[in-house]
Structure formats: structure tokens, C-alpha cells
Amino acid sequence: MRASESEGWANPSSVHSLGRAARRRVEDVREQLARVLQVSARDVLFTSGATEANHLALAGAKVLVTSRIEHPSIVEQAEWLASRGTRVVFADITASGLVTADAVAAALDEALGVESAGSLETPGDSRTNENTPLVALMAANHETGVLQPLAEVAEVARRRGARLHVDAVQLLGRAPLGCLEVADSVSLSAHKFRGPKGVGALAFACGWTPLPQNRGGAQERGLRPGTLDVSAIVGLGAALGRLDESLSAYRRVAQLAQALERSLLTHSPHAVSIHGATVARLGHVVNFRVPGWRGDELVVALDLEGICVSSGSACSAGTAEPSTVIRAMEGQAAAEGAVRVSFGEESTSADLHAVLGALARLGILGPVEHFPGQLAPSIRELSQ
Ligand code: PLP
């Protein structure tokens with residue numbers, strides 16, 4: 001990024017040699033991202049992040065099926081679109097945080113006004129039509145890490161002539177990307193895989209093109225006008241270049257998260273619940289609740305112990321709202337108790353010990369000396 005600031009500082013839309021040099025840096029990253037997502041470089045648009053990419057994916061949809069556990073950039077945009085006449089149906093969610101293919105099929109049938117499920121066959125090119133129904137579903141949840149059944153959902157979408165947009169923000173660098181093959185469009189954000197903030201992308205692969213949300217420039221084929229931030233895009237490329245490293249780091253920290261989960265389930269005097277415990281999840285995040293504790297209070301108590309976690313809530317005007325994701329899964333009381341511990345690539349067994357110690361001091365885990373017998377060996381293995 002530093003090199004691109006000194007040597008690639010020109011406007012990448014300028015035709016002079018400095019502009020062309022800047023443009024080359026952008027196009028190299030576009031090709032790199034296209035290879036990662038297995039789409040054509042032409043079908044990759046750089047954006048200011050996933051919020052914008054998600055909005056582009058949803059723009060113009062006349063029929064939209066999504067879920068209440070999506071990121072607010074989808075849920076709130078869907079509500080806004082509904083207020084403007086889009087037919088929006090939110091698919092049911094299981095208590096474990098899954099949006100099943102059956103739930104998507106039922107929601108699509110309701111949105112399309114169809115009585116009997118599975119009776120529609122896809123007309124050959126219907127997915128390129130601007131009236132194409134849209135299903136928007138995330139690959140992995142941002143609060144629970146729950147992985148959605150994209151292949152099955154894609155199948156029911158396809159049978160009803162709908163296209164599938166996947167918010168893959170939480171997947172990159174944390175799980176293999178093979179599940180994205182079935183998506184017609186994918187959004188991502190660089191800062192979630194250790195690139196810079198304020199840059200992301202929308203990639204699409206179905207002959208469909210997004211409806212521009214900005215006007216007044218030819219950049220990004222006129223689909224996303226506005227001067228590109230070359231260094232940010234270069235940073236996105238650098239982060240893409242280390243996705244494999246990130247994957248193996250997350251495989252390691254998954255063991256830390258598992259050890260925390262085991263401790264909460266077996267060494268707490270309280271009946272701790274782990275949200276999404278029964279389904280496939282990203283391994284680095286533990287979202288739980290402890291009877292008798294409000295999530296926001298536990299976040300503050302842990303902060304005073306030097307542990308930074310989240311109550312899984314969006315922070316608006318300085319007040320923490322209970323998690324809408326956990327509320328959609330298990331109701332308001334569960335949402336008010338939800339706390340999310342996320343391990344990062346550099347988290348160590350010492351960090352895990354610090355969390356366990358803090359939870360013990362708060363009385364959420366039994367005294368630490370009661371459980372090193374079971375925990376210590378696994379922690380020792382982890383530090384090797
Ligand atoms: N989608 C998901 C699943 C996210 O977790 C986020 C950010 O946290 C976004 C979209 C929005 O990304 P950005 O803030 O880069 O616009």
C-alpha cells in the first residue's frame with residue numbers, strides 16, 4: 001500500500017502513463033480476486049465495503065427473500081426496499097440459527113404467490129432478467145459463525161428462477177470458499193480478512209449486472225461510478241494473498257474456542273447455553289449466555305478484567321441494543337444475555353487462560369484450580 005501511494009498515486013482513470021500505472025495495480029487485484037472467486041475479472045466491482053456491495057446486489061429487486069439474521073446492510077435495506085414496493089419475505093430461522101432450504105422455498109413461494117412448492121421449472125435465461133426474484137443469504141453469520149446450507153438453498157432458488165446473492169464477508173480467510181460456487185453474486189469486505197477498512201467488492205457470475213446506485217462517472221463500467229482508492233484496493237490484494245495463512249491460523253484458534261466452550265459447558269455452576277451449538281459453525285467464535293447475566297453487563301465486567309468481547313449487538317448512539325440475530329433465533333431473553341467471544345489469528349493459549357481466569361473471578365466458571373486437570377493438557381498441546 002505504501003508503494004502504491006508513492007508510485008501509483010495518480011487517478012487510475014487518467015489516460016496518461018501515471019494513470020495507467022495506477023490502473024495496472026487495480027486491474028492486477030481485480031484479476032487476483034476473480035481467480036479466488038472463480039469469476040471473470042470483468043464481473044468484479046470494487047466498492048467501499050460490503051454494505052455498498054450488498055446494496056448493489058439488492059438494488060432493483062422486485063421480489064426478495066432473505067432472513068432476519070443477515071447483517072443490517074441486508075435486513076435494513078430489505079425493509080427499505082419493502083417500503084418502496086419490493087415484495088420482501090423473511091424466511092424462518094431455526095433456533096440454532098439455520099436458514100434451511102425448506103424455509104427459503106416456503107418464503108419464495110409466498111413471495112411469488114405460488115401454492116405448491118417445487119412446481120416451477122426455471123426458464124433458461126430467467127436469471128438474467130431484471131424481474132428475477134432474489135434470494136440473499138449470508139455464507140456465515142457475523143455473530144454466531146453458523147454456516148448456511150448454500151448448495152441446498154441455491155437449488156430451491158434455481159428451481160424457482162431466482163438468483164442467489166451471498167454475503168461472504170465472514171467466510172474469507174476463515175473457511176474454504178468452495179461453497180460460494182453456487183452463488184450468482186458475492187459480497188466481501190477487505191477489513192474482515194485483514195485488509196484495510198473502507199474497501200470491498202461485489203462479484204457476480206450470472207450474466208446479471210447490478211443497477212448502479214451512484215451516477216456520474218464511467219468508473220467500474222459505469223456500474224459503480226467514483227474515483228477508485230488504489231492503495232486500499234492494493235491492500236485488499238495483499239490481504240487476499242495471505243488467505244491460506246489465515247485459514248491455517250483459524251484452524252489453530254478453533255481449538256482455543258473449543259476449549260472455552262468445553263469449560264463453559266462443564267465447569268460452570270450455571271446452565272450456560274452456546275448459541276448455534278448443534279450446527280456447523282466457523283470455529284473461532286463462541287456466542288453464549290449465562291443465566292443471571294445480562295450480555296451488556298458481562299461485556300463491561302470482562303472489559304474491566306482486560307478482556308474485550310462483544311454482546312453481539314449493534315452500537316447505536318452509545319447504547320447497546322440486544323442482538324437481533326440471537327433474538328431471531330431464540331427470543332428476546334436469549335438476545336439480552338448474548339455474549340460473543342471471537343478469537344483472532346494471533347490469539348494464544350495465554351489469551352484463553354486470561355479469559356478463563358476472568359470468568360472464574362466473575363463466578364461464571366468454577367475456581368480455576370478445579371479444572372486445570374482437564375484443560376491444561378489441551379492448552380499445552382495448543383502452544384506447541
Ligand atoms: N456483512 C457482514 C456479514 C458483516 O459482518 C459486515 C461487517 O461487519 C458487513 C456485511 C458490512 O461490511 P462493511 O462494514 O465493510 O461495509
# chains A, B, ... in the order shown; residues from 1 in each chain; ligands from 1
>>> closest_atom_pairs(of="range 151-213 of chain A", to="range 273-296 of chain A", cutoff="10 Å", atoms="only C-alpha atoms", output="CSV")
residue,atom,partner,partner_atom,distance
A:Gln170,CA,A:Leu282,CA,8.8
A:Leu171,CA,A:Leu282,CA,8.2
A:Arg174,CA,A:Leu282,CA,7.1
A:Ala175,CA,A:Leu282,CA,7.2
>>> write_last_selection(atoms="C-alpha atoms", output="compact mmCIF listing (two decimals), in the first residue's frame")
# COMPACT_ATOMS: atom_id res chain seq x y z
CA GLN A 170 -17.27 -13.70 7.32
CA LEU A 171 -16.08 -16.61 5.18
CA ARG A 174 -11.85 -18.48 7.83
CA ALA A 175 -13.25 -21.36 5.80
>>> residues_near_ligand(ligand="ligand 1", cutoff="6 Å", atoms="only C-alpha atoms and all ligand atoms", output="PyMOL selection string")
chain A and resi 49-51+71+142+167+169-170+189
>>> select_by_dssp(residues="range 215-358 of chain A", states="helix (DSSP H, G or I)", output="PyMOL selection string")
chain A and resi 219-222+230-240+243-266+295-304+324-330+332-337+349-358
>>> closest_atom_pairs(of="range 25-108 of chain A", to="range 207-229 of chain A", cutoff="7 Å", atoms="only C-alpha atoms", output="Markdown table")
| residue | atom | partner | partner_atom | distance |
| --- | --- | --- | --- | --- |
| A:Leu45 | CA | A:Glu220 | CA | 6.1 |
| A:Leu56 | CA | A:Pro210 | CA | 5.9 |
| A:Ala57 | CA | A:Pro210 | CA | 6.1 |
| A:Ala59 | CA | A:Leu211 | CA | 5.9 |
| A:Gly60 | CA | A:Leu211 | CA | 6.5 |
>>> select_by_dssp(residues="range 324-373 of chain A", states="strand (DSSP E or B)", output="PyMOL selection string")
chain A and resi 339-342
>>> residues_around(residues="Asp244 in chain A", least_positions_apart="2", cutoff="12 Å", atoms="only C-alpha atoms", output="PyMOL selection string")
chain A and resi 36+172-177+193+239-242+246-251+345
>>> write_last_selection(atoms="N, CA, C and O atoms", output="mmCIF file, in the first residue's frame")
data_model
loop_
_atom_site.group_PDB
_atom_site.id
_atom_site.type_symbol
_atom_site.label_atom_id
_atom_site.label_comp_id
_atom_site.auth_asym_id
_atom_site.auth_seq_id
_atom_site.Cartn_x
_atom_site.Cartn_y
_atom_site.Cartn_z
ATOM 1 N N VAL A 36 -9.682 -15.981 -7.206
ATOM 2 C CA VAL A 36 -10.098 -16.528 -5.904
ATOM 3 C C VAL A 36 -11.573 -16.925 -5.935
ATOM 4 O O VAL A 36 -11.963 -17.968 -5.424
ATOM 5 N N LEU A 172 -14.258 -15.368 4.136
ATOM 6 C CA LEU A 172 -12.917 -15.272 3.562
ATOM 7 C C LEU A 172 -11.835 -15.365 4.625
ATOM 8 O O LEU A 172 -11.866 -14.642 5.623
ATOM 9 N N GLY A 173 -10.917 -16.275 4.414
ATOM 10 C CA GLY A 173 -9.806 -16.451 5.340
ATOM 11 C C GLY A 173 -10.167 -17.336 6.526
ATOM 12 O O GLY A 173 -9.314 -17.655 7.342
ATOM 13 N N ARG A 174 -11.438 -17.707 6.660
ATOM 14 C CA ARG A 174 -11.848 -18.482 7.834
ATOM 15 C C ARG A 174 -12.360 -19.861 7.488
ATOM 16 O O ARG A 174 -12.446 -20.736 8.351
ATOM 17 N N ALA A 175 -12.756 -20.047 6.239
ATOM 18 C CA ALA A 175 -13.246 -21.361 5.798
ATOM 19 C C ALA A 175 -13.014 -21.443 4.291
ATOM 20 O O ALA A 175 -12.891 -20.409 3.625
ATOM 21 N N PRO A 176 -12.957 -22.671 3.751
ATOM 22 C CA PRO A 176 -12.771 -22.802 2.304
ATOM 23 C C PRO A 176 -13.923 -22.140 1.539
ATOM 24 O O PRO A 176 -15.041 -22.061 2.042
ATOM 25 N N LEU A 177 -13.619 -21.682 0.326
ATOM 26 C CA LEU A 177 -14.599 -20.886 -0.411
ATOM 27 C C LEU A 177 -15.426 -21.696 -1.412
ATOM 28 O O LEU A 177 -16.239 -21.129 -2.141
ATOM 29 N N PHE A 193 -10.699 -9.722 6.383
ATOM 30 C CA PHE A 193 -9.602 -10.678 6.216
ATOM 31 C C PHE A 193 -8.259 -9.937 6.261
ATOM 32 O O PHE A 193 -7.311 -10.263 5.597
ATOM 33 N N ALA A 239 -4.073 -8.638 1.232
ATOM 34 C CA ALA A 239 -4.779 -9.497 2.198
ATOM 35 C C ALA A 239 -5.242 -10.785 1.530
ATOM 36 O O ALA A 239 -5.176 -11.865 2.124
ATOM 37 N N LEU A 240 -5.688 -10.669 0.267
ATOM 38 C CA LEU A 240 -6.107 -11.874 -0.465
ATOM 39 C C LEU A 240 -4.952 -12.857 -0.604
ATOM 40 O O LEU A 240 -5.140 -14.070 -0.542
ATOM 41 N N GLY A 241 -3.756 -12.286 -0.765
ATOM 42 C CA GLY A 241 -2.556 -13.112 -0.967
ATOM 43 C C GLY A 241 -2.202 -13.958 0.252
ATOM 44 O O GLY A 241 -1.373 -14.857 0.149
ATOM 45 N N ARG A 242 -2.797 -13.653 1.411
ATOM 46 C CA ARG A 242 -2.463 -14.442 2.593
ATOM 47 C C ARG A 242 -3.684 -15.195 3.154
ATOM 48 O O ARG A 242 -3.720 -15.553 4.331
ATOM 49 N N SER A 246 -4.163 -17.361 6.713
ATOM 50 C CA SER A 246 -5.263 -17.031 7.603
ATOM 51 C C SER A 246 -6.070 -18.289 7.941
ATOM 52 O O SER A 246 -6.405 -18.538 9.097
ATOM 53 N N LEU A 247 -6.327 -19.098 6.912
ATOM 54 C CA LEU A 247 -7.086 -20.344 7.119
ATOM 55 C C LEU A 247 -6.412 -21.240 8.136
ATOM 56 O O LEU A 247 -7.067 -21.777 9.030
ATOM 57 N N SER A 248 -5.085 -21.394 8.023
ATOM 58 C CA SER A 248 -4.439 -22.307 8.970
ATOM 59 C C SER A 248 -4.390 -21.685 10.364
ATOM 60 O O SER A 248 -4.539 -22.391 11.360
ATOM 61 N N ALA A 249 -4.279 -20.351 10.441
ATOM 62 C CA ALA A 249 -4.318 -19.717 11.764
ATOM 63 C C ALA A 249 -5.681 -19.950 12.416
ATOM 64 O O ALA A 249 -5.772 -20.260 13.605
ATOM 65 N N TYR A 250 -6.743 -19.825 11.629
ATOM 66 C CA TYR A 250 -8.086 -20.013 12.203
ATOM 67 C C TYR A 250 -8.333 -21.472 12.598
ATOM 68 O O TYR A 250 -9.072 -21.742 13.542
ATOM 69 N N ARG A 251 -7.686 -22.405 11.872
ATOM 70 C CA ARG A 251 -7.824 -23.821 12.287
ATOM 71 C C ARG A 251 -7.221 -23.993 13.680
ATOM 72 O O ARG A 251 -7.747 -24.708 14.516
ATOM 73 N N GLU A 345 -6.460 -14.350 14.680
ATOM 74 C CA GLU A 345 -5.358 -15.167 14.171
ATOM 75 C C GLU A 345 -4.195 -15.289 15.142
ATOM 76 O O GLU A 345 -3.482 -16.267 15.145
#
>>> residues_around(residues="Asn11 in chain A", least_positions_apart="6", cutoff="10 Å", atoms="only C-alpha atoms", output="list in words")
Leu18, Gly19, Arg20, Ala21, Ala22, Arg23, Thr227, Leu228, Asp229 and Val230 of chain A
>>> residues_around(residues="Ile74 in chain A", least_positions_apart="3", cutoff="12 Å", atoms="only C-alpha atoms", output="JSON, numbers by chain")
{"A": [50, 51, 52, 53, 54, 55, 56, 57, 58, 59, 64, 65, 66, 67, 68, 69, 70, 71, 77, 78, 79, 80, 81, 82, 88, 90, 135, 136, 137, 138, 165, 166, 167, 187]}
>>> closest_residue(among="A:Ala10, A:Ala205, A:Ala139, A:Leu352", to="Gln255 in chain A", atoms="only C-alpha atoms")
A:Leu352
>>> residues_around(residues="Thr47 in chain A", least_positions_apart="4", cutoff="6 Å", atoms="only C-alpha atoms", output="VMD selection string")
chain A and resid 199 to 201
>>> residues_around(residues="Gly195 in chain A", least_positions_apart="2", cutoff="7 Å", atoms="only C-alpha atoms", output="PyMOL selection string")
chain A and resi 190-191+193+197+235-236+239
>>> atom_distance(atom1="CA of Leu365 in chain A", atom2="CA of Pro269 in chain A")
6.7 Å
>>> atom_distance(atom1="CA of Ser347 in chain A", atom2="CA of Arg252 in chain A")
9.2 Å
>>> decode(residues="range 51-137 of chain A", atoms="C-alpha atoms", output="PDB file, in the first residue's frame")
ATOM      1  CA  THR A  51     -22.507  -2.602   2.897  1.00  0.00           C
ATOM      2  CA  GLU A  52     -22.320  -0.962  -0.509  1.00  0.00           C
ATOM      3  CA  ALA A  53     -21.776  -4.297  -2.288  1.00  0.00           C
ATOM      4  CA  ASN A  54     -24.882  -5.728  -0.590  1.00  0.00           C
ATOM      5  CA  HIS A  55     -26.938  -2.688  -1.546  1.00  0.00           C
ATOM      6  CA  LEU A  56     -25.830  -3.035  -5.166  1.00  0.00           C
ATOM      7  CA  ALA A  57     -26.798  -6.709  -5.142  1.00  0.00           C
ATOM      8  CA  LEU A  58     -30.285  -5.921  -3.821  1.00  0.00           C
ATOM      9  CA  ALA A  59     -30.924  -2.843  -5.951  1.00  0.00           C
ATOM     10  CA  GLY A  60     -33.919  -3.105  -8.245  1.00  0.00           C
ATOM     11  CA  ALA A  61     -35.154  -6.446  -6.877  1.00  0.00           C
ATOM     12  CA  LYS A  62     -38.919  -6.714  -7.200  1.00  0.00           C
ATOM     13  CA  VAL A  63     -39.126  -9.936  -5.184  1.00  0.00           C
ATOM     14  CA  LEU A  64     -36.666 -10.564  -2.372  1.00  0.00           C
ATOM     15  CA  VAL A  65     -36.307 -13.413   0.107  1.00  0.00           C
ATOM     16  CA  THR A  66     -33.815 -13.007   2.899  1.00  0.00           C
ATOM     17  CA  SER A  67     -33.594 -13.610   6.654  1.00  0.00           C
ATOM     18  CA  ARG A  68     -33.612 -11.615   9.876  1.00  0.00           C
ATOM     19  CA  ILE A  69     -30.162 -12.896  10.830  1.00  0.00           C
ATOM     20  CA  GLU A  70     -28.403 -11.228   7.905  1.00  0.00           C
ATOM     21  CA  HIS A  71     -26.149  -8.245   8.513  1.00  0.00           C
ATOM     22  CA  PRO A  72     -28.097  -4.960   8.921  1.00  0.00           C
ATOM     23  CA  SER A  73     -26.821  -3.887   5.490  1.00  0.00           C
ATOM     24  CA  ILE A  74     -29.184  -6.547   4.108  1.00  0.00           C
ATOM     25  CA  VAL A  75     -32.018  -6.532   6.688  1.00  0.00           C
ATOM     26  CA  GLU A  76     -32.457  -2.778   6.836  1.00  0.00           C
ATOM     27  CA  GLN A  77     -32.062  -2.374   3.090  1.00  0.00           C
ATOM     28  CA  ALA A  78     -34.684  -5.110   2.578  1.00  0.00           C
ATOM     29  CA  GLU A  79     -37.052  -3.220   4.895  1.00  0.00           C
ATOM     30  CA  TRP A  80     -36.389  -0.004   2.987  1.00  0.00           C
ATOM     31  CA  LEU A  81     -36.994  -1.759  -0.343  1.00  0.00           C
ATOM     32  CA  ALA A  82     -40.234  -3.210   1.073  1.00  0.00           C
ATOM     33  CA  SER A  83     -41.371   0.320   1.930  1.00  0.00           C
ATOM     34  CA  ARG A  84     -40.754   1.192  -1.753  1.00  0.00           C
ATOM     35  CA  GLY A  85     -42.840  -1.660  -3.136  1.00  0.00           C
ATOM     36  CA  THR A  86     -40.449  -4.629  -3.307  1.00  0.00           C
ATOM     37  CA  ARG A  87     -42.146  -7.847  -2.255  1.00  0.00           C
ATOM     38  CA  VAL A  88     -39.931  -8.930   0.668  1.00  0.00           C
ATOM     39  CA  VAL A  89     -40.382 -12.132   2.659  1.00  0.00           C
ATOM     40  CA  PHE A  90     -38.092 -13.020   5.587  1.00  0.00           C
ATOM     41  CA  ALA A  91     -37.501 -16.781   5.708  1.00  0.00           C
ATOM     42  CA  ASP A  92     -37.955 -18.618   9.022  1.00  0.00           C
ATOM     43  CA  ILE A  93     -34.878 -19.328  11.117  1.00  0.00           C
ATOM     44  CA  THR A  94     -34.302 -22.385  13.287  1.00  0.00           C
ATOM     45  CA  ALA A  95     -33.382 -21.928  16.959  1.00  0.00           C
ATOM     46  CA  SER A  96     -29.840 -22.983  16.044  1.00  0.00           C
ATOM     47  CA  GLY A  97     -29.554 -20.161  13.521  1.00  0.00           C
ATOM     48  CA  LEU A  98     -30.058 -22.021  10.249  1.00  0.00           C
ATOM     49  CA  VAL A  99     -31.998 -20.771   7.256  1.00  0.00           C
ATOM     50  CA  THR A 100     -32.994 -24.101   5.729  1.00  0.00           C
ATOM     51  CA  ALA A 101     -33.690 -24.715   2.058  1.00  0.00           C
ATOM     52  CA  ASP A 102     -37.297 -25.596   3.002  1.00  0.00           C
ATOM     53  CA  ALA A 103     -37.671 -22.226   4.747  1.00  0.00           C
ATOM     54  CA  VAL A 104     -36.304 -20.424   1.669  1.00  0.00           C
ATOM     55  CA  ALA A 105     -38.592 -22.441  -0.618  1.00  0.00           C
ATOM     56  CA  ALA A 106     -41.642 -21.550   1.509  1.00  0.00           C
ATOM     57  CA  ALA A 107     -40.645 -17.875   1.618  1.00  0.00           C
ATOM     58  CA  LEU A 108     -40.048 -17.766  -2.146  1.00  0.00           C
ATOM     59  CA  ASP A 109     -43.384 -19.449  -2.812  1.00  0.00           C
ATOM     60  CA  GLU A 110     -45.089 -16.926  -0.553  1.00  0.00           C
ATOM     61  CA  ALA A 111     -43.289 -14.032  -2.246  1.00  0.00           C
ATOM     62  CA  LEU A 112     -44.131 -15.349  -5.697  1.00  0.00           C
ATOM     63  CA  GLY A 113     -47.693 -16.222  -4.710  1.00  0.00           C
ATOM     64  CA  VAL A 114     -47.218 -19.893  -5.541  1.00  0.00           C
ATOM     65  CA  GLU A 115     -49.390 -22.517  -3.812  1.00  0.00           C
ATOM     66  CA  SER A 116     -47.448 -25.766  -4.228  1.00  0.00           C
ATOM     67  CA  ALA A 117     -43.706 -25.850  -3.676  1.00  0.00           C
ATOM     68  CA  GLY A 118     -41.329 -27.260  -6.264  1.00  0.00           C
ATOM     69  CA  SER A 119     -43.724 -26.952  -9.166  1.00  0.00           C
ATOM     70  CA  LEU A 120     -41.796 -24.292 -11.047  1.00  0.00           C
ATOM     71  CA  GLU A 121     -39.150 -25.063 -13.611  1.00  0.00           C
ATOM     72  CA  THR A 122     -36.528 -22.488 -14.453  1.00  0.00           C
ATOM     73  CA  PRO A 123     -36.928 -20.949 -17.880  1.00  0.00           C
ATOM     74  CA  GLY A 124     -33.471 -20.980 -19.482  1.00  0.00           C
ATOM     75  CA  ASP A 125     -32.394 -17.358 -19.133  1.00  0.00           C
ATOM     76  CA  SER A 126     -34.750 -16.099 -16.444  1.00  0.00           C
ATOM     77  CA  ARG A 127     -31.908 -15.342 -14.028  1.00  0.00           C
ATOM     78  CA  THR A 128     -30.613 -12.606 -16.286  1.00  0.00           C
ATOM     79  CA  ASN A 129     -33.942 -10.818 -16.310  1.00  0.00           C
ATOM     80  CA  GLU A 130     -34.259  -7.717 -14.126  1.00  0.00           C
ATOM     81  CA  ASN A 131     -37.523  -9.103 -12.748  1.00  0.00           C
ATOM     82  CA  THR A 132     -35.660 -12.138 -11.467  1.00  0.00           C
ATOM     83  CA  PRO A 133     -36.565 -12.933  -7.868  1.00  0.00           C
ATOM     84  CA  LEU A 134     -33.635 -12.646  -5.494  1.00  0.00           C
ATOM     85  CA  VAL A 135     -32.578 -14.720  -2.505  1.00  0.00           C
ATOM     86  CA  ALA A 136     -29.984 -13.014  -0.284  1.00  0.00           C
ATOM     87  CA  LEU A 137     -28.345 -15.248   2.289  1.00  0.00           C
TER      88      LEU A 137
END
